[in-house]
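Single-structure report; data block below.
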Amino acid sequence: AALAAGLCGGGGGRGAAAASREAAILCRRVAEATERGLLRTTSATAPRTSSEDARRRSSRPPPLRGSSGGGDASQRLREDGTYLLRGLLPLLRLKVELPNGQAGKLAAYEAASSLLVNLVSSIAEEESSELVVDASRPGARAGGGADDEEVTPRRGGRRSLASLSFTPARRPTGGAGAGRTTSASGRRRGGTKTPEPMAPPSLKKSVTPRRTRNSSNPGSGGGGASPSATTSRHPVLDLVVGLLQKVVTGKGLERADARSRAREAGMRCLERLPVPERRRLLAFVEKMCVSKVSSHRMLGAEVVGEVLRKGWFWRDCRGMSAREEGGDGGPGDGDDREGGGPSSPSSLLAALRGRLSDRSPAVRARAALSLAEVAREARAAGKEGRNLDGTVLAPAASSSSSAPAQALAAALCDAGPALVEALRRRASRDGGASVRKASIAAWVEVLGLARDEGREDFAAGGRDVSALCQLCHDASVATRKAAADALTELVRAECSGGADPSRAASSLEVAWAHTVLPLAADVEATCAARAVQCFASLVIDPIAELGEDEDVARTLFEDDEEDRARYLVSWRLLARLSDGSIEAGGSRNASGSLVVALRRLLVDSSKDSRSLAKNLFRAVHCVGSLSLGLDLQHSQDELFMSDGREKDLFDSDTTAMRTGAWCLLDALTSCLNNGEETKSASSPYLSLTRAVRASKIDASFLASSLQRLRELLNSTSVPSGKRLGLVATSRDCMRITAKMGSLVPIYDAKNMSFSLLGDLEKLEIGIDLIPERVSALIALTRRICDDSGRDLFEEVKSWADGLLGRSENAIESCISSFAKRGLVEEAAKKLLVHVLYLIGEVSMIGFSSQEDFSRLDTKQRDNDVAPTIAEPARGLLIRPSPRLVHLVKLMLPESMPLPASAERQTMPTPSDVRAHAYLTLGKLCLRDEALAKESMNVLARELHADSGPAVQGNCLMVMGDMCVRYTNLTDRYLPFMAACLQAGEGGPAQVNESSRLSASFERRTNRHSLVKKNAILLLSSLLLQDYIKWRGLLVHRFLAAVADEDDEVSCLAQAALRGPLLDKRPDLLCNHFVGSVFVFNDCKAHPLYAVESASGGGNGLAVDFDCTLLYGGEGRRRRKEIYEMMLGTMADEQKLEVTARLVKEVLGGALETNGDLSAVCKLPPGGVKGEERLSDDRIEAATNVLTDTLAIILTSPKIKVGRCRGEEDADEDDDPLSGATNKPRPSDQRMIHKRKLLTKISRKHLVEIVIPIVCNLKTILEGSRSPLLRDLMMYLGFIFRSYRGEVREHLANDPTLLQELEFDMRKYQREKKQDE
């Protein structure tokens, strides 16, 4: 029948005729087997009446066991069943050739699997009905015996289910004492020899025993099973179990489709098998998880994961537990309880957890994916109040722990701590991207289950959040997306319980804001799209609902606590962004990742962006104003003040709403175009003016909000901890005013301009608000000039000159105060800092990098510096007076000169005043080339001297701007800028625990960490834009920053070198690797050091290198970190090149007649006395070069060609997450062939070049008894372990050395085994 199904539509031919004959034979055998009782069931669809049951019982064939004729009947059943199942096996494996090709094979497979399932169902139904009839007869006993056989008719000698053993049934097979059964009268009768059941397949070196003739006899195994128990099962069931074992361990399971068919067939039969046979097959599947064949382990993990999600499995476990508690279990039941033993829930979960450490990445990924599916099903069933099979649970049963869904959740919770630890370790450290992705999915599901069940022992904690944050920066795109989804899901789950955030929820919000949202600017489009999707669902959608309809807003605030919590989460996440910008600088505020994400969302929305922007404007306008306590006479006033009183402006919810609303409004105004609507792929199809008008909001709320913020900042009743948040909100409000100034009513514009200018003239506001106030004042001045018709430049220049004049008077008064009192008061120092910052900001009004000084002083205007809508004062030149410039220069040195009338001639200048003075001088130099030429030496001196991190950092930033503005002036000062990469080297380190944005919450840092980070970013930017070149030892200074003691500096340097800098010059690290070995060891006597120092050319001074922390034995750990980072970024051909150059320059140089390397190898233990003796520094440097080459670089796994770190053996399976087959793509085939070729080249180079040089060097070191011999033997042992055959062939003439290597090899293996 199965072959006939495969022949449908297949055409004729000899193959079809042969298949038809086989099908006819098979059908005849099935019919004969049916007549003899192989399939003894009626149609499952027809209801069975009592008369039919009586007729069936009367027409039963004679018993198969327990009588003289039972042996013949059982033998015939086995023969027919074996023939039938052996005919089905090729069809189930798709091994029968059919004219219809693959379609015919699949059709035959479907028919064969259906036939097998029907066979199992028929036998199981027959046994179940007979057990019910037997149990209803009087005198029936669970234990069975002689009386039961006489009173209760049994088919085939089967007994009731209660008396059956869980020990797999074995048929007697002859031999002494075998093949005999106990009859009803107690006489022993010899049975006929029956064919052996279908043997299960071998799992090679796994723990699965191969079924043999002796082991199948219960009487010889000591299993404790009674004779009646061994003859209790239907003989065909053993054959079916054996067939299924063959199917799930067949060949070709490396392909995903083959595994899918095998799993489907196994699961369909498992569901219908009787409980004992089901337990046997599950025990076999569990043993498959430890098989030697990776495809068997993968299929075992798939089946185990699916079994744990089936209701019948948990009902079986509950039934076995009940029988065990009642003492009615059969032999062998003690090991199969729910708490432990083979095929129990705990053992199956332990099998999946064990596969997380499998040697094959595909098996590890499959095990993690199975765990994710199991945990997801348990969570879904618990939330929906249903069973695992989809049926709805009754209210009483939903709370019962015996229900399958609750039993699954309880089993997962028991194994929860171990699962979370294993999944976190696998997600963080595994070398396979698919494994990390699957582990993240399972990890998050288990953490979600812990929250659903209220388990605190494995709930999401700091370690989980930190690990997920690091995974958001993973090299794999799929891993980054999975980590982003995981953090988003955790934030949504943790924050859905109520309005008040817990400590865990707060840490998750900070992590999401600073790791997931920046992925919107990821270079991979799919990763950026996923981050934008998470941003939209978690932040934008709830806020847009508030602005869309008043009824929705009322629901969010009054009725549904869950929706209100979801709404507050959006504002808190936006507030975290604003708070983070205060700590980490402008790169993480609303103008950074938030603007990018919002712009992408508006672009993706296309024409719907108008509706989205309108709703966001309405929601932000309402919340931002009401969070300041403003009465807008809005229809939603009653909604927000539903409690009848004004809410506290500084409670946690109102503060988060206020900060988040203004942060979002600032980002929204930054995304929209200030001009006409334009259609662009990178900007929204919407203008700011039209969006504001469409939302029907009144821009006068900016005036009232700014006035309210000024009142709160000047009030003494504001808590000190809330003042920093008000400053951030004020900054956002003024930035928004600068962009929406043209929409402000003229009356409000005049009032705001007057108040802002008055605050600037008072010189009392904080310096963090000065730039935004100046920008807002320019925008409002433009609004006033547009209404009055006056010239904007003249108006701006008028109040700018007034501010500079007030600043000049303030500085003179401060200096006079210093001269009179002889000290610097705190108030005077604060005033000086404020004035210096204001001078710099005012002088930068109208600045453009394309401006020409010769034309700015005239009435002519260059088109490159023409005013724009965003920069209305562009092209305006504000020149401070010479007197003011002189006063600024007075505060640059460490000692400030005082007037002649003062008692003291000088006074120490405060460091923060000096730092702001250099910053102001830099801004003045950007608009005055003559002043820039005069100031270059002063700035360079502060970079080289130890003048404090604040002064040094500001001077570095000024030098970077000058390099862009006046490239020809700064070329010679590159060595001073490069020295900042090692600023403060050797200074005292301290542990910083306060930074929430740090990659490590307990990181080692020093005072100059910020200077070094600024140097990395600045120099990288200049290199990428070709303002500077890789000259001298600049690359080595970058590499030294990789091993910095501050982990943030180290990570930043690695990101720059392995990212954009390496993309611009792919051979950068390869070309400088060998030279870096000599530079980092200060081996200046070698010619390569001079070559590295002179690289890059240029007219300026060469960049030197002086990092004492890398020299000597103390710096070996840091040098190793640098070498491994460089090797980890190289391709195979670059590794070959590096290996060849190391062997030639270092090992080959040691064999030469002159040079420090040769002298060190020939140096006797006592040293050389006399004039020819090398200095100690040169000896140490040359020794360290040889030690690094032999013991660190050449023995590193990362330098091996053809295999990367974490790569598995050649028998890897396909990615289980993709479902793709194992067929490699053409690009992969080319890569495989290339890798094989490079491996052969590397092996040839090793045999022909490396080994002879190493052997000659060994002879020299033995003669001088050098301590370097230990490192050389370590390298030889590494070569011997990697290429044993080639080394033995080459060392055939040196048996002593070969014996030493073999001895070291055995010792290494013993130590490795002990460590494991």
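Identifiers for the structure tokens are assigned positionally: chains receive A, B, ... in sequence, residues are indexed from 1 per chain, and ligands are indexed from 1 in the order shown.
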Could you give me, as a PyMOL selection string, each residue of segment 970-1174 of chain A that DSSP assigns to strand (DSSP E) when run on this structure's backbone? chain A and resi 990-992+1003-1005
Dump N, CA, C and O atoms for the selected residues as a PDB file, in the first residue's frame?
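As a result, result-v2.pdb now contains:
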```
ATOM      1  N   GLN A 990      42.933  53.278  40.993  1.00  0.00           N
ATOM      2  CA  GLN A 990      41.884  53.142  41.989  1.00  0.00           C
ATOM      3  C   GLN A 990      40.708  52.416  41.369  1.00  0.00           C
ATOM      4  O   GLN A 990      40.589  52.318  40.153  1.00  0.00           O
ATOM      5  N   VAL A 991      39.819  51.901  42.210  1.00  0.00           N
ATOM      6  CA  VAL A 991      38.657  51.156  41.756  1.00  0.00           C
ATOM      7  C   VAL A 991      37.462  52.093  41.752  1.00  0.00           C
ATOM      8  O   VAL A 991      37.142  52.724  42.767  1.00  0.00           O
ATOM      9  N   ASN A 992      36.812  52.186  40.623  1.00  0.00           N
ATOM     10  CA  ASN A 992      35.657  53.056  40.466  1.00  0.00           C
ATOM     11  C   ASN A 992      34.396  52.193  40.432  1.00  0.00           C
ATOM     12  O   ASN A 992      34.248  51.353  39.566  1.00  0.00           O
ATOM     13  N   ARG A1003      35.949  48.692  37.989  1.00  0.00           N
ATOM     14  CA  ARG A1003      37.050  48.791  37.042  1.00  0.00           C
ATOM     15  C   ARG A1003      38.182  49.606  37.647  1.00  0.00           C
ATOM     16  O   ARG A1003      37.964  50.544  38.421  1.00  0.00           O
ATOM     17  N   ARG A1004      39.393  49.271  37.265  1.00  0.00           N
ATOM     18  CA  ARG A1004      40.566  49.992  37.698  1.00  0.00           C
ATOM     19  C   ARG A1004      40.762  51.195  36.787  1.00  0.00           C
ATOM     20  O   ARG A1004      40.722  51.089  35.569  1.00  0.00           O
ATOM     21  N   THR A1005      40.974  52.344  37.376  1.00  0.00           N
ATOM     22  CA  THR A1005      41.101  53.568  36.599  1.00  0.00           C
ATOM     23  C   THR A1005      42.090  54.485  37.293  1.00  0.00           C
ATOM     24  O   THR A1005      42.514  54.245  38.422  1.00  0.00           O
TER      25      THR A1005
END
```
Proximity to Leu943 of chain A - best of A:Ala521, A:Ala930, A:Ala1015, A:Ala409, only C-alpha atoms: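 Ranked by minimum distance to Leu943 of chain A, first place goes to A:Ala1015.
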Using only C-alpha atoms, determine which residues lie at most 9 Å from Leu1109 of chain A, disregarding the query and same-chain residues fewer than 2 positions distant; provide the list as a PyMOL selection string. chain A and resi 985-986+1107+1111-1112+1114-1115+1118
Residues near segment 808-819 of chain A, cut-off 6 Å, only C-alpha atoms, skip fewer than 3 positions along chain, as a PyMOL selection string: chain A and resi 805+822-824+884+902
Hey, can you spit out that residue selection with N, CA and C atoms as a PDB file, in the first residue's frame?
```pdb
ATOM      1  N   GLY A 805      31.868  92.672  26.673  1.00  0.00           N
ATOM      2  CA  GLY A 805      32.292  93.782  27.519  1.00  0.00           C
ATOM      3  C   GLY A 805      32.057  93.496  28.990  1.00  0.00           C
ATOM      4  N   GLY A 822      44.796  88.523  48.308  1.00  0.00           N
ATOM      5  CA  GLY A 822      45.910  87.580  48.303  1.00  0.00           C
ATOM      6  C   GLY A 822      45.507  86.127  48.192  1.00  0.00           C
ATOM      7  N   LEU A 823      44.290  85.852  47.843  1.00  0.00           N
ATOM      8  CA  LEU A 823      43.826  84.480  47.671  1.00  0.00           C
ATOM      9  C   LEU A 823      42.670  84.462  46.682  1.00  0.00           C
ATOM     10  N   VAL A 824      42.371  83.242  46.208  1.00  0.00           N
ATOM     11  CA  VAL A 824      41.298  83.042  45.242  1.00  0.00           C
ATOM     12  C   VAL A 824      40.098  82.477  45.985  1.00  0.00           C
ATOM     13  N   LEU A 884      40.698  91.770  26.058  1.00  0.00           N
ATOM     14  CA  LEU A 884      40.057  90.549  26.547  1.00  0.00           C
ATOM     15  C   LEU A 884      40.896  89.321  26.224  1.00  0.00           C
ATOM     16  N   ALA A 902      50.078  94.960  43.961  1.00  0.00           N
ATOM     17  CA  ALA A 902      49.798  93.865  44.889  1.00  0.00           C
ATOM     18  C   ALA A 902      51.041  93.496  45.669  1.00  0.00           C
TER      19      ALA A 902
END
```
What lies within 8 Å of Thr970 of chain A using only C-alpha atoms, ignoring chain neighbours under 4 positions off, as a ChimeraX atom specification? /A:936,959,962-963,966,974
Export, as a short mmCIF file (atom, residue, chain, number, x, y, z; two decimals), in the first residue's frame, the selected residues with C-alpha atoms.
```cif
data_model
loop_
_atom_site.label_atom_id
_atom_site.label_comp_id
_atom_site.auth_asym_id
_atom_site.auth_seq_id
_atom_site.Cartn_x
_atom_site.Cartn_y
_atom_site.Cartn_z
CA MET A 936 50.60 76.20 19.18
CA MET A 959 44.80 70.57 19.12
CA MET A 962 43.33 73.00 15.09
CA CYS A 963 44.52 69.98 13.12
CA TYR A 966 45.06 74.44 10.21
CA LEU A 974 51.64 64.87 16.35
#
```
Running DSSP on the backbone, which parts of segment 1223-1262 of chain A land in alpha helix (DSSP H), as a ChimeraX atom specification? /A:1226-1245,1251-1262
Grab the residues selected above and save them as a PDB file, in the first residue's frame with C-alpha atoms.
```
ATOM      1  CA  PRO A1226      29.813  27.955  -3.412  1.00  0.00           C
ATOM      2  CA  SER A1227      31.460  30.691  -1.362  1.00  0.00           C
ATOM      3  CA  ASP A1228      31.840  28.276   1.552  1.00  0.00           C
ATOM      4  CA  GLN A1229      33.360  25.668  -0.750  1.00  0.00           C
ATOM      5  CA  ARG A1230      35.908  28.174  -1.993  1.00  0.00           C
ATOM      6  CA  MET A1231      36.716  29.093   1.577  1.00  0.00           C
ATOM      7  CA  ILE A1232      37.160  25.438   2.512  1.00  0.00           C
ATOM      8  CA  HIS A1233      39.477  24.801  -0.427  1.00  0.00           C
ATOM      9  CA  LYS A1234      41.455  27.931   0.366  1.00  0.00           C
ATOM     10  CA  ARG A1235      41.833  26.896   3.975  1.00  0.00           C
ATOM     11  CA  LYS A1236      43.014  23.433   2.995  1.00  0.00           C
ATOM     12  CA  LEU A1237      45.571  24.890   0.620  1.00  0.00           C
ATOM     13  CA  LEU A1238      46.902  27.312   3.215  1.00  0.00           C
ATOM     14  CA  THR A1239      47.090  24.482   5.747  1.00  0.00           C
ATOM     15  CA  LYS A1240      49.250  22.458   3.386  1.00  0.00           C
ATOM     16  CA  ILE A1241      51.492  25.452   2.730  1.00  0.00           C
ATOM     17  CA  SER A1242      51.845  26.042   6.463  1.00  0.00           C
ATOM     18  CA  ARG A1243      52.738  22.405   7.065  1.00  0.00           C
ATOM     19  CA  LYS A1244      55.307  22.445   4.283  1.00  0.00           C
ATOM     20  CA  HIS A1245      56.881  25.611   5.682  1.00  0.00           C
ATOM     21  CA  ILE A1251      62.004  22.505  12.237  1.00  0.00           C
ATOM     22  CA  PRO A1252      65.579  22.699  10.864  1.00  0.00           C
ATOM     23  CA  ILE A1253      66.049  26.179  12.312  1.00  0.00           C
ATOM     24  CA  VAL A1254      64.632  25.100  15.681  1.00  0.00           C
ATOM     25  CA  CYS A1255      66.865  22.026  15.799  1.00  0.00           C
ATOM     26  CA  ASN A1256      69.969  24.090  15.039  1.00  0.00           C
ATOM     27  CA  LEU A1257      68.964  26.642  17.650  1.00  0.00           C
ATOM     28  CA  LYS A1258      68.481  23.838  20.174  1.00  0.00           C
ATOM     29  CA  THR A1259      72.075  22.715  19.604  1.00  0.00           C
ATOM     30  CA  ILE A1260      73.349  26.234  20.271  1.00  0.00           C
ATOM     31  CA  LEU A1261      71.255  26.676  23.422  1.00  0.00           C
ATOM     32  CA  GLU A1262      72.352  23.290  24.760  1.00  0.00           C
TER      33      GLU A1262
END
```
Calculated over only C-alpha atoms, which of the candidates A:Arg259, A:Lys696, A:Lys1144, A:Lys1120 has the smallest distance to Ala1040 of chain A?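 Looking only at the distances to Ala1040 of chain A, the closest residue turns out to be A:Lys1120.
Closest to Leu763 of chain A among A:Ser807, A:Ser347, A:Ser687, A:Ser798 is A:Ser807, based on only C-alpha atoms.
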